[in-house]
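Engineer: Just so it is clear, I am handing over structure08.pdb, which has PDB, N, CA and C atoms and all ligand atoms.
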```pdb
ATOM      1  N   MET Z   1      48.728 116.459  -9.194  1.00  0.00           N
ATOM      2  CA  MET Z   1      49.224 115.087  -9.117  1.00  0.00           C
ATOM      3  C   MET Z   1      48.210 114.219  -8.374  1.00  0.00           C
ATOM      4  N   ALA Z   2      47.901 113.076  -8.946  1.00  0.00           N
ATOM      5  CA  ALA Z   2      46.969 112.162  -8.296  1.00  0.00           C
ATOM      6  C   ALA Z   2      47.577 111.625  -7.001  1.00  0.00           C
ATOM      7  N   GLU Z   3      46.728 111.363  -6.020  1.00  0.00           N
ATOM      8  CA  GLU Z   3      47.251 110.869  -4.756  1.00  0.00           C
ATOM      9  C   GLU Z   3      47.692 109.414  -4.865  1.00  0.00           C
ATOM     10  N   VAL Z   4      46.995 108.633  -5.694  1.00  0.00           N
ATOM     11  CA  VAL Z   4      47.400 107.255  -5.931  1.00  0.00           C
ATOM     12  C   VAL Z   4      47.908 107.163  -7.368  1.00  0.00           C
ATOM     13  N   GLU Z   5      49.169 106.797  -7.485  1.00  0.00           N
ATOM     14  CA  GLU Z   5      49.782 106.701  -8.800  1.00  0.00           C
ATOM     15  C   GLU Z   5      50.090 105.238  -9.103  1.00  0.00           C
ATOM     16  N   GLU Z   6      50.038 104.908 -10.393  1.00  0.00           N
ATOM     17  CA  GLU Z   6      50.323 103.535 -10.807  1.00  0.00           C
ATOM     18  C   GLU Z   6      51.595 103.500 -11.638  1.00  0.00           C
ATOM     19  N   TYR Z   7      52.400 102.477 -11.365  1.00  0.00           N
ATOM     20  CA  TYR Z   7      53.658 102.295 -12.078  1.00  0.00           C
ATOM     21  C   TYR Z   7      53.673 100.881 -12.657  1.00  0.00           C
ATOM     22  N   PRO Z   8      53.291 100.749 -13.913  1.00  0.00           N
ATOM     23  CA  PRO Z   8      53.172  99.412 -14.497  1.00  0.00           C
ATOM     24  C   PRO Z   8      54.520  98.816 -14.880  1.00  0.00           C
ATOM     25  N   GLY Z   9      54.654  97.531 -14.582  1.00  0.00           N
ATOM     26  CA  GLY Z   9      55.780  96.747 -15.058  1.00  0.00           C
ATOM     27  C   GLY Z   9      55.243  95.641 -15.936  1.00  0.00           C
ATOM     28  N   THR Z  10      56.119  94.748 -16.343  1.00  0.00           N
ATOM     29  CA  THR Z  10      55.701  93.662 -17.221  1.00  0.00           C
ATOM     30  C   THR Z  10      54.752  92.699 -16.514  1.00  0.00           C
ATOM     31  N   ARG Z  11      55.098  92.322 -15.279  1.00  0.00           N
ATOM     32  CA  ARG Z  11      54.294  91.347 -14.542  1.00  0.00           C
ATOM     33  C   ARG Z  11      53.598  91.948 -13.333  1.00  0.00           C
ATOM     34  N   LEU Z  12      53.941  93.176 -13.004  1.00  0.00           N
ATOM     35  CA  LEU Z  12      53.467  93.754 -11.745  1.00  0.00           C
ATOM     36  C   LEU Z  12      53.235  95.246 -11.932  1.00  0.00           C
ATOM     37  N   THR Z  13      52.134  95.734 -11.403  1.00  0.00           N
ATOM     38  CA  THR Z  13      51.902  97.179 -11.338  1.00  0.00           C
ATOM     39  C   THR Z  13      51.949  97.600  -9.886  1.00  0.00           C
ATOM     40  N   VAL Z  14      52.819  98.544  -9.589  1.00  0.00           N
ATOM     41  CA  VAL Z  14      52.943  99.062  -8.226  1.00  0.00           C
ATOM     42  C   VAL Z  14      52.078 100.315  -8.116  1.00  0.00           C
ATOM     43  N   ARG Z  15      51.256 100.355  -7.080  1.00  0.00           N
ATOM     44  CA  ARG Z  15      50.432 101.532  -6.812  1.00  0.00           C
ATOM     45  C   ARG Z  15      50.990 102.241  -5.586  1.00  0.00           C
ATOM     46  N   ASN Z  16      51.157 103.548  -5.690  1.00  0.00           N
ATOM     47  CA  ASN Z  16      51.703 104.328  -4.593  1.00  0.00           C
ATOM     48  C   ASN Z  16      50.661 105.350  -4.144  1.00  0.00           C
ATOM     49  N   ASP Z  17      50.268 105.250  -2.884  1.00  0.00           N
ATOM     50  CA  ASP Z  17      49.331 106.202  -2.289  1.00  0.00           C
ATOM     51  C   ASP Z  17      50.132 107.194  -1.456  1.00  0.00           C
ATOM     52  N   GLY Z  18      50.353 108.362  -2.008  1.00  0.00           N
ATOM     53  CA  GLY Z  18      51.161 109.362  -1.333  1.00  0.00           C
ATOM     54  C   GLY Z  18      50.613 109.783   0.019  1.00  0.00           C
ATOM     55  N   ARG Z  19      49.325 109.582   0.253  1.00  0.00           N
ATOM     56  CA  ARG Z  19      48.723 109.954   1.540  1.00  0.00           C
ATOM     57  C   ARG Z  19      49.200 109.042   2.659  1.00  0.00           C
ATOM     58  N   ARG Z  20      49.692 107.843   2.285  1.00  0.00           N
ATOM     59  CA  ARG Z  20      50.097 106.878   3.307  1.00  0.00           C
ATOM     60  C   ARG Z  20      51.606 106.842   3.511  1.00  0.00           C
ATOM     61  N   CYS Z  21      52.353 107.528   2.659  1.00  0.00           N
ATOM     62  CA  CYS Z  21      53.811 107.498   2.751  1.00  0.00           C
ATOM     63  C   CYS Z  21      54.285 108.302   3.954  1.00  0.00           C
ATOM     64  N   ILE Z  22      55.118 107.687   4.792  1.00  0.00           N
ATOM     65  CA  ILE Z  22      55.662 108.376   5.967  1.00  0.00           C
ATOM     66  C   ILE Z  22      57.140 108.714   5.763  1.00  0.00           C
ATOM     67  N   HIS Z  23      57.616 108.542   4.536  1.00  0.00           N
ATOM     68  CA  HIS Z  23      58.982 108.945   4.157  1.00  0.00           C
ATOM     69  C   HIS Z  23      60.060 108.276   5.014  1.00  0.00           C
ATOM     70  N   SER Z  24      59.836 107.019   5.325  1.00  0.00           N
ATOM     71  CA  SER Z  24      60.830 106.263   6.085  1.00  0.00           C
ATOM     72  C   SER Z  24      61.990 105.816   5.196  1.00  0.00           C
ATOM     73  N   ARG Z  25      61.779 105.814   3.892  1.00  0.00           N
ATOM     74  CA  ARG Z  25      62.779 105.456   2.877  1.00  0.00           C
ATOM     75  C   ARG Z  25      63.133 103.964   2.894  1.00  0.00           C
ATOM     76  N   TYR Z  26      62.302 103.171   3.511  1.00  0.00           N
ATOM     77  CA  TYR Z  26      62.530 101.732   3.491  1.00  0.00           C
ATOM     78  C   TYR Z  26      62.607 101.230   2.055  1.00  0.00           C
ATOM     79  N   CYS Z  27      61.755 101.752   1.200  1.00  0.00           N
ATOM     80  CA  CYS Z  27      61.718 101.295  -0.193  1.00  0.00           C
ATOM     81  C   CYS Z  27      63.005 101.641  -0.935  1.00  0.00           C
ATOM     82  N   VAL Z  28      63.440 102.883  -0.854  1.00  0.00           N
ATOM     83  CA  VAL Z  28      64.608 103.304  -1.635  1.00  0.00           C
ATOM     84  C   VAL Z  28      65.898 102.703  -1.103  1.00  0.00           C
ATOM     85  N   LEU Z  29      65.960 102.441   0.189  1.00  0.00           N
ATOM     86  CA  LEU Z  29      67.155 101.825   0.751  1.00  0.00           C
ATOM     87  C   LEU Z  29      67.172 100.317   0.506  1.00  0.00           C
ATOM     88  N   GLY Z  30      66.001  99.713   0.468  1.00  0.00           N
ATOM     89  CA  GLY Z  30      65.933  98.263   0.271  1.00  0.00           C
ATOM     90  C   GLY Z  30      66.103  97.838  -1.174  1.00  0.00           C
ATOM     91  N   LEU Z  31      65.455  98.554  -2.091  1.00  0.00           N
ATOM     92  CA  LEU Z  31      65.544  98.213  -3.518  1.00  0.00           C
ATOM     93  C   LEU Z  31      65.837  99.491  -4.310  1.00  0.00           C
ATOM     94  N   PRO Z  32      67.073  99.943  -4.289  1.00  0.00           N
ATOM     95  CA  PRO Z  32      67.393 101.238  -4.912  1.00  0.00           C
ATOM     96  C   PRO Z  32      67.258 101.264  -6.424  1.00  0.00           C
ATOM     97  N   ASP Z  33      67.237 100.102  -7.076  1.00  0.00           N
ATOM     98  CA  ASP Z  33      67.032 100.100  -8.526  1.00  0.00           C
ATOM     99  C   ASP Z  33      65.548 100.178  -8.895  1.00  0.00           C
ATOM    100  N   VAL Z  34      64.690  99.835  -7.957  1.00  0.00           N
ATOM    101  CA  VAL Z  34      63.237  99.872  -8.197  1.00  0.00           C
ATOM    102  C   VAL Z  34      62.651 101.213  -7.753  1.00  0.00           C
ATOM    103  N   PHE Z  35      63.044 101.664  -6.584  1.00  0.00           N
ATOM    104  CA  PHE Z  35      62.519 102.915  -6.029  1.00  0.00           C
ATOM    105  C   PHE Z  35      63.623 103.968  -6.109  1.00  0.00           C
ATOM    106  N   VAL Z  36      63.491 104.843  -7.091  1.00  0.00           N
ATOM    107  CA  VAL Z  36      64.557 105.799  -7.404  1.00  0.00           C
ATOM    108  C   VAL Z  36      64.005 107.212  -7.204  1.00  0.00           C
ATOM    109  N   PRO Z  37      64.306 107.837  -6.064  1.00  0.00           N
ATOM    110  CA  PRO Z  37      63.737 109.160  -5.798  1.00  0.00           C
ATOM    111  C   PRO Z  37      64.442 110.262  -6.588  1.00  0.00           C
ATOM    112  N   ASN Z  38      63.775 111.375  -6.708  1.00  0.00           N
ATOM    113  CA  ASN Z  38      64.358 112.593  -7.289  1.00  0.00           C
ATOM    114  C   ASN Z  38      64.823 112.406  -8.730  1.00  0.00           C
ATOM    115  N   VAL Z  39      64.008 111.736  -9.524  1.00  0.00           N
ATOM    116  CA  VAL Z  39      64.317 111.579 -10.939  1.00  0.00           C
ATOM    117  C   VAL Z  39      63.176 112.181 -11.767  1.00  0.00           C
ATOM    118  N   ASP Z  40      63.500 112.532 -12.988  1.00  0.00           N
ATOM    119  CA  ASP Z  40      62.454 112.935 -13.925  1.00  0.00           C
ATOM    120  C   ASP Z  40      61.740 111.676 -14.388  1.00  0.00           C
ATOM    121  N   GLY Z  41      60.429 111.713 -14.454  1.00  0.00           N
ATOM    122  CA  GLY Z  41      59.673 110.561 -14.909  1.00  0.00           C
ATOM    123  C   GLY Z  41      59.395 109.602 -13.774  1.00  0.00           C
ATOM    124  N   PRO Z  42      58.945 108.393 -14.114  1.00  0.00           N
ATOM    125  CA  PRO Z  42      58.516 107.428 -13.093  1.00  0.00           C
ATOM    126  C   PRO Z  42      59.640 107.086 -12.107  1.00  0.00           C
ATOM    127  N   TRP Z  43      59.347 107.183 -10.807  1.00  0.00           N
ATOM    128  CA  TRP Z  43      60.376 106.893  -9.809  1.00  0.00           C
ATOM    129  C   TRP Z  43      60.300 105.457  -9.294  1.00  0.00           C
ATOM    130  N   ILE Z  44      59.220 104.740  -9.647  1.00  0.00           N
ATOM    131  CA  ILE Z  44      59.099 103.326  -9.283  1.00  0.00           C
ATOM    132  C   ILE Z  44      59.199 102.511 -10.563  1.00  0.00           C
ATOM    133  N   ARG Z  45      60.147 101.565 -10.579  1.00  0.00           N
ATOM    134  CA  ARG Z  45      60.445 100.774 -11.776  1.00  0.00           C
ATOM    135  C   ARG Z  45      60.314  99.286 -11.436  1.00  0.00           C
ATOM    136  N   PRO Z  46      59.113  98.760 -11.530  1.00  0.00           N
ATOM    137  CA  PRO Z  46      58.866  97.391 -11.080  1.00  0.00           C
ATOM    138  C   PRO Z  46      59.720  96.339 -11.785  1.00  0.00           C
ATOM    139  N   ASP Z  47      60.145  96.584 -13.010  1.00  0.00           N
ATOM    140  CA  ASP Z  47      60.905  95.575 -13.751  1.00  0.00           C
ATOM    141  C   ASP Z  47      62.389  95.542 -13.403  1.00  0.00           C
ATOM    142  N   ALA Z  48      62.835  96.405 -12.498  1.00  0.00           N
ATOM    143  CA  ALA Z  48      64.266  96.455 -12.174  1.00  0.00           C
ATOM    144  C   ALA Z  48      64.706  95.311 -11.263  1.00  0.00           C
ATOM    145  N   GLU Z  49      63.759  94.595 -10.667  1.00  0.00           N
ATOM    146  CA  GLU Z  49      64.056  93.419  -9.829  1.00  0.00           C
ATOM    147  C   GLU Z  49      63.008  92.363 -10.125  1.00  0.00           C
ATOM    148  N   ALA Z  50      63.250  91.163  -9.646  1.00  0.00           N
ATOM    149  CA  ALA Z  50      62.277  90.093  -9.819  1.00  0.00           C
ATOM    150  C   ALA Z  50      60.949  90.491  -9.171  1.00  0.00           C
ATOM    151  N   CYS Z  51      59.878  90.095  -9.806  1.00  0.00           N
ATOM    152  CA  CYS Z  51      58.531  90.418  -9.329  1.00  0.00           C
ATOM    153  C   CYS Z  51      58.366  90.042  -7.854  1.00  0.00           C
ATOM    154  N   GLU Z  52      58.826  88.840  -7.489  1.00  0.00           N
ATOM    155  CA  GLU Z  52      58.673  88.370  -6.118  1.00  0.00           C
ATOM    156  C   GLU Z  52      59.465  89.235  -5.134  1.00  0.00           C
ATOM    157  N   THR Z  53      60.601  89.727  -5.572  1.00  0.00           N
ATOM    158  CA  THR Z  53      61.438  90.589  -4.718  1.00  0.00           C
ATOM    159  C   THR Z  53      60.741  91.910  -4.447  1.00  0.00           C
ATOM    160  N   VAL Z  54      60.110  92.471  -5.463  1.00  0.00           N
ATOM    161  CA  VAL Z  54      59.392  93.742  -5.306  1.00  0.00           C
ATOM    162  C   VAL Z  54      58.188  93.544  -4.389  1.00  0.00           C
ATOM    163  N   ILE Z  55      57.465  92.465  -4.588  1.00  0.00           N
ATOM    164  CA  ILE Z  55      56.294  92.190  -3.737  1.00  0.00           C
ATOM    165  C   ILE Z  55      56.720  92.014  -2.285  1.00  0.00           C
ATOM    166  N   ALA Z  56      57.815  91.305  -2.055  1.00  0.00           N
ATOM    167  CA  ALA Z  56      58.285  91.085  -0.684  1.00  0.00           C
ATOM    168  C   ALA Z  56      58.669  92.404  -0.027  1.00  0.00           C
ATOM    169  N   ALA Z  57      59.315  93.288  -0.763  1.00  0.00           N
ATOM    170  CA  ALA Z  57      59.720  94.577  -0.190  1.00  0.00           C
ATOM    171  C   ALA Z  57      58.497  95.414   0.164  1.00  0.00           C
ATOM    172  N   ILE Z  58      57.528  95.453  -0.720  1.00  0.00           N
ATOM    173  CA  ILE Z  58      56.326  96.235  -0.468  1.00  0.00           C
ATOM    174  C   ILE Z  58      55.529  95.641   0.699  1.00  0.00           C
ATOM    175  N   SER Z  59      55.494  94.329   0.761  1.00  0.00           N
ATOM    176  CA  SER Z  59      54.758  93.684   1.856  1.00  0.00           C
ATOM    177  C   SER Z  59      55.362  94.020   3.200  1.00  0.00           C
TER
HETATM  178  S1  LIG M   1      58.669 102.503   2.186  1.00  0.00           S
HETATM  179 FE1  LIG M   1      58.802 104.189   0.683  1.00  0.00          FE
HETATM  180  S2  LIG M   1      56.709 104.512  -0.075  1.00  0.00           S
HETATM  181 FE2  LIG M   1      56.570 103.260   1.785  1.00  0.00          FE
HETATM  182  S3  LIG M   1      56.224 104.758   3.439  1.00  0.00           S
HETATM  183 FE3  LIG M   1      58.441 104.425   3.315  1.00  0.00          FE
HETATM  184  S4  LIG M   1      59.195 106.022   1.914  1.00  0.00           S
HETATM  185 FE4  LIG M   1      56.968 105.886   1.649  1.00  0.00          FE
END
```
The structure given in the file should be rewritten as structure tokens.

Structural biologist:
Amino acid sequence: MAEVEEYPGTRLTVRNDGRRCIHSRYCVLGLPDVFVPNVDGPWIRPDAEACETVIAAIS
């Protein structure tokens, strides 16, 4: 598995660097429709919320 993974959406591509994740779960608790752990296939779904909402959560 690559350390940096890309999850493309329509307007936004989210990049996840697993080396920097501290497993605080801020992402999954804040936007549970975008960051969906323990699923088959892509666990980050940028199109599940407004682009600006996803950017704000990641920021
Ligand atoms: S917000 Fe999510 S991706 Fe970011 S460090 Fe916490 S668990 Fe990892």

Engineer: Please measure the separation of atom CA of Z:Thr10 and atom CA of Z:Ser24, giving the value in Å to one decimal.

Structural biologist: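 The value is 27.0 Å.
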
Engineer: As a quick test: using only C-alpha atoms and all ligand atoms, which residues lie no more than 6 Å away from ligand LIG 1 (chain M)? Give them as a list in words.

Structural biologist: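 So, counting only C-alpha atoms and all ligand atoms, the residues near ligand LIG 1 (chain M) are Cys21, Ile22, His23, Ser24, Arg25, Tyr26 and Cys27 of chain Z.
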
Engineer: Find the smallest box with edges along x, y and z containing every listed atom of stretch 26-43 of chain Z, then add 8 Å on each side and report centre and edge lengths in Å to one decimal, as JSON.

Structural biologist:
```
{"center_x": 63.0, "center_y": 105.4, "center_z": -5.7, "size_x": 24.9, "size_y": 31.1, "size_z": 34.4}
```

Engineer: If you run DSSP over the backbone, which residues in chain Z end up strand (DSSP E)? Put them as an mmCIF file with N, CA and C atoms, in the coordinates of the input.

Structural biologist:
```cif
data_model
loop_
_atom_site.group_PDB
_atom_site.id
_atom_site.type_symbol
_atom_site.label_atom_id
_atom_site.label_comp_id
_atom_site.auth_asym_id
_atom_site.auth_seq_id
_atom_site.Cartn_x
_atom_site.Cartn_y
_atom_site.Cartn_z
ATOM 1 N N VAL Z 4 46.995 108.633 -5.694
ATOM 2 C CA VAL Z 4 47.400 107.255 -5.931
ATOM 3 C C VAL Z 4 47.908 107.163 -7.368
ATOM 4 N N GLU Z 5 49.169 106.797 -7.485
ATOM 5 C CA GLU Z 5 49.782 106.701 -8.800
ATOM 6 C C GLU Z 5 50.090 105.238 -9.103
ATOM 7 N N GLU Z 6 50.038 104.908 -10.393
ATOM 8 C CA GLU Z 6 50.323 103.535 -10.807
ATOM 9 C C GLU Z 6 51.595 103.500 -11.638
ATOM 10 N N TYR Z 7 52.400 102.477 -11.365
ATOM 11 C CA TYR Z 7 53.658 102.295 -12.078
ATOM 12 C C TYR Z 7 53.673 100.881 -12.657
ATOM 13 N N PRO Z 8 53.291 100.749 -13.913
ATOM 14 C CA PRO Z 8 53.172 99.412 -14.497
ATOM 15 C C PRO Z 8 54.520 98.816 -14.880
ATOM 16 N N THR Z 13 52.134 95.734 -11.403
ATOM 17 C CA THR Z 13 51.902 97.179 -11.338
ATOM 18 C C THR Z 13 51.949 97.600 -9.886
ATOM 19 N N VAL Z 14 52.819 98.544 -9.589
ATOM 20 C CA VAL Z 14 52.943 99.062 -8.226
ATOM 21 C C VAL Z 14 52.078 100.315 -8.116
ATOM 22 N N ARG Z 15 51.256 100.355 -7.080
ATOM 23 C CA ARG Z 15 50.432 101.532 -6.812
ATOM 24 C C ARG Z 15 50.990 102.241 -5.586
ATOM 25 N N ASN Z 16 51.157 103.548 -5.690
ATOM 26 C CA ASN Z 16 51.703 104.328 -4.593
ATOM 27 C C ASN Z 16 50.661 105.350 -4.144
ATOM 28 N N ASP Z 17 50.268 105.250 -2.884
ATOM 29 C CA ASP Z 17 49.331 106.202 -2.289
ATOM 30 C C ASP Z 17 50.132 107.194 -1.456
#
```

Engineer: What residues in chain Z get the DSSP label helix (DSSP H, G or I)? Please answer as a PyMOL selection string.

Structural biologist: chain Z and resi 26-30+46-48+51-58

Engineer: For Z:Val34, list every protein, DNA or RNA residue within 8 Å, evaluated using only C-alpha atoms, and leave out those in the same chain fewer than 2 positions away; present the list as a list in words.

Structural biologist: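 Listed by chain and then number, they are Val28, Leu31, Pro32, Val36, Trp43, Ile44, Arg45, Pro46, Asp47, Ala48, Glu49 and Val54 of chain Z.
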
Engineer: Could the residues in this selection be written to a file with N, CA and C atoms, as an mmCIF file, in the frame of the given file?

Structural biologist:
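This went into result_14.cif:
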```
data_model
loop_
_atom_site.group_PDB
_atom_site.id
_atom_site.type_symbol
_atom_site.label_atom_id
_atom_site.label_comp_id
_atom_site.auth_asym_id
_atom_site.auth_seq_id
_atom_site.Cartn_x
_atom_site.Cartn_y
_atom_site.Cartn_z
ATOM 1 N N VAL Z 28 63.440 102.883 -0.854
ATOM 2 C CA VAL Z 28 64.608 103.304 -1.635
ATOM 3 C C VAL Z 28 65.898 102.703 -1.103
ATOM 4 N N LEU Z 31 65.455 98.554 -2.091
ATOM 5 C CA LEU Z 31 65.544 98.213 -3.518
ATOM 6 C C LEU Z 31 65.837 99.491 -4.310
ATOM 7 N N PRO Z 32 67.073 99.943 -4.289
ATOM 8 C CA PRO Z 32 67.393 101.238 -4.912
ATOM 9 C C PRO Z 32 67.258 101.264 -6.424
ATOM 10 N N VAL Z 36 63.491 104.843 -7.091
ATOM 11 C CA VAL Z 36 64.557 105.799 -7.404
ATOM 12 C C VAL Z 36 64.005 107.212 -7.204
ATOM 13 N N TRP Z 43 59.347 107.183 -10.807
ATOM 14 C CA TRP Z 43 60.376 106.893 -9.809
ATOM 15 C C TRP Z 43 60.300 105.457 -9.294
ATOM 16 N N ILE Z 44 59.220 104.740 -9.647
ATOM 17 C CA ILE Z 44 59.099 103.326 -9.283
ATOM 18 C C ILE Z 44 59.199 102.511 -10.563
ATOM 19 N N ARG Z 45 60.147 101.565 -10.579
ATOM 20 C CA ARG Z 45 60.445 100.774 -11.776
ATOM 21 C C ARG Z 45 60.314 99.286 -11.436
ATOM 22 N N PRO Z 46 59.113 98.760 -11.530
ATOM 23 C CA PRO Z 46 58.866 97.391 -11.080
ATOM 24 C C PRO Z 46 59.720 96.339 -11.785
ATOM 25 N N ASP Z 47 60.145 96.584 -13.010
ATOM 26 C CA ASP Z 47 60.905 95.575 -13.751
ATOM 27 C C ASP Z 47 62.389 95.542 -13.403
ATOM 28 N N ALA Z 48 62.835 96.405 -12.498
ATOM 29 C CA ALA Z 48 64.266 96.455 -12.174
ATOM 30 C C ALA Z 48 64.706 95.311 -11.263
ATOM 31 N N GLU Z 49 63.759 94.595 -10.667
ATOM 32 C CA GLU Z 49 64.056 93.419 -9.829
ATOM 33 C C GLU Z 49 63.008 92.363 -10.125
ATOM 34 N N VAL Z 54 60.110 92.471 -5.463
ATOM 35 C CA VAL Z 54 59.392 93.742 -5.306
ATOM 36 C C VAL Z 54 58.188 93.544 -4.389
#
```

Engineer: So the first atom is atom CA of Z:Gly41 and the second is atom CA of Z:Asp17; what is the distance between them in Å, to one decimal place?

Structural biologist: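 Taking atom CA of Z:Gly41 as the start and atom CA of Z:Asp17 as the end point, the length is 16.9 Å.
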
Engineer: What gap, in Å, lies between atom C of Z:Ser59 and atom C of Z:Asp40?

Structural biologist: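 So the answer is 25.7 Å.
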
Engineer: Closest to Z:Thr53 among Z:Val39, Z:Glu3, Z:Gly30, Z:Arg15, using only C-alpha atoms?

Structural biologist: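 Going through Z:Val39, Z:Glu3, Z:Gly30, Z:Arg15 one by one, the smallest distance to Z:Thr53 is for Z:Gly30.
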
Engineer: Return the single residue from Z:Asp33, Z:Val4, Z:Ala57, Z:Asn38 that is closest to Z:Arg19, with distances computed using all atoms listed in the file.

Structural biologist: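 Using all atoms listed in the file, the shortest distance to Z:Arg19 belongs to Z:Val4.
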
Engineer: Report as JSON, numbers by chain all protein, DNA and RNA residues lying within 7 Å of Z:Val14, evaluated on all atoms listed in the file, omitting residues in the same chain fewer than 5 positions from it.

Structural biologist: {"Z": [5, 6, 7, 8, 9, 46]}
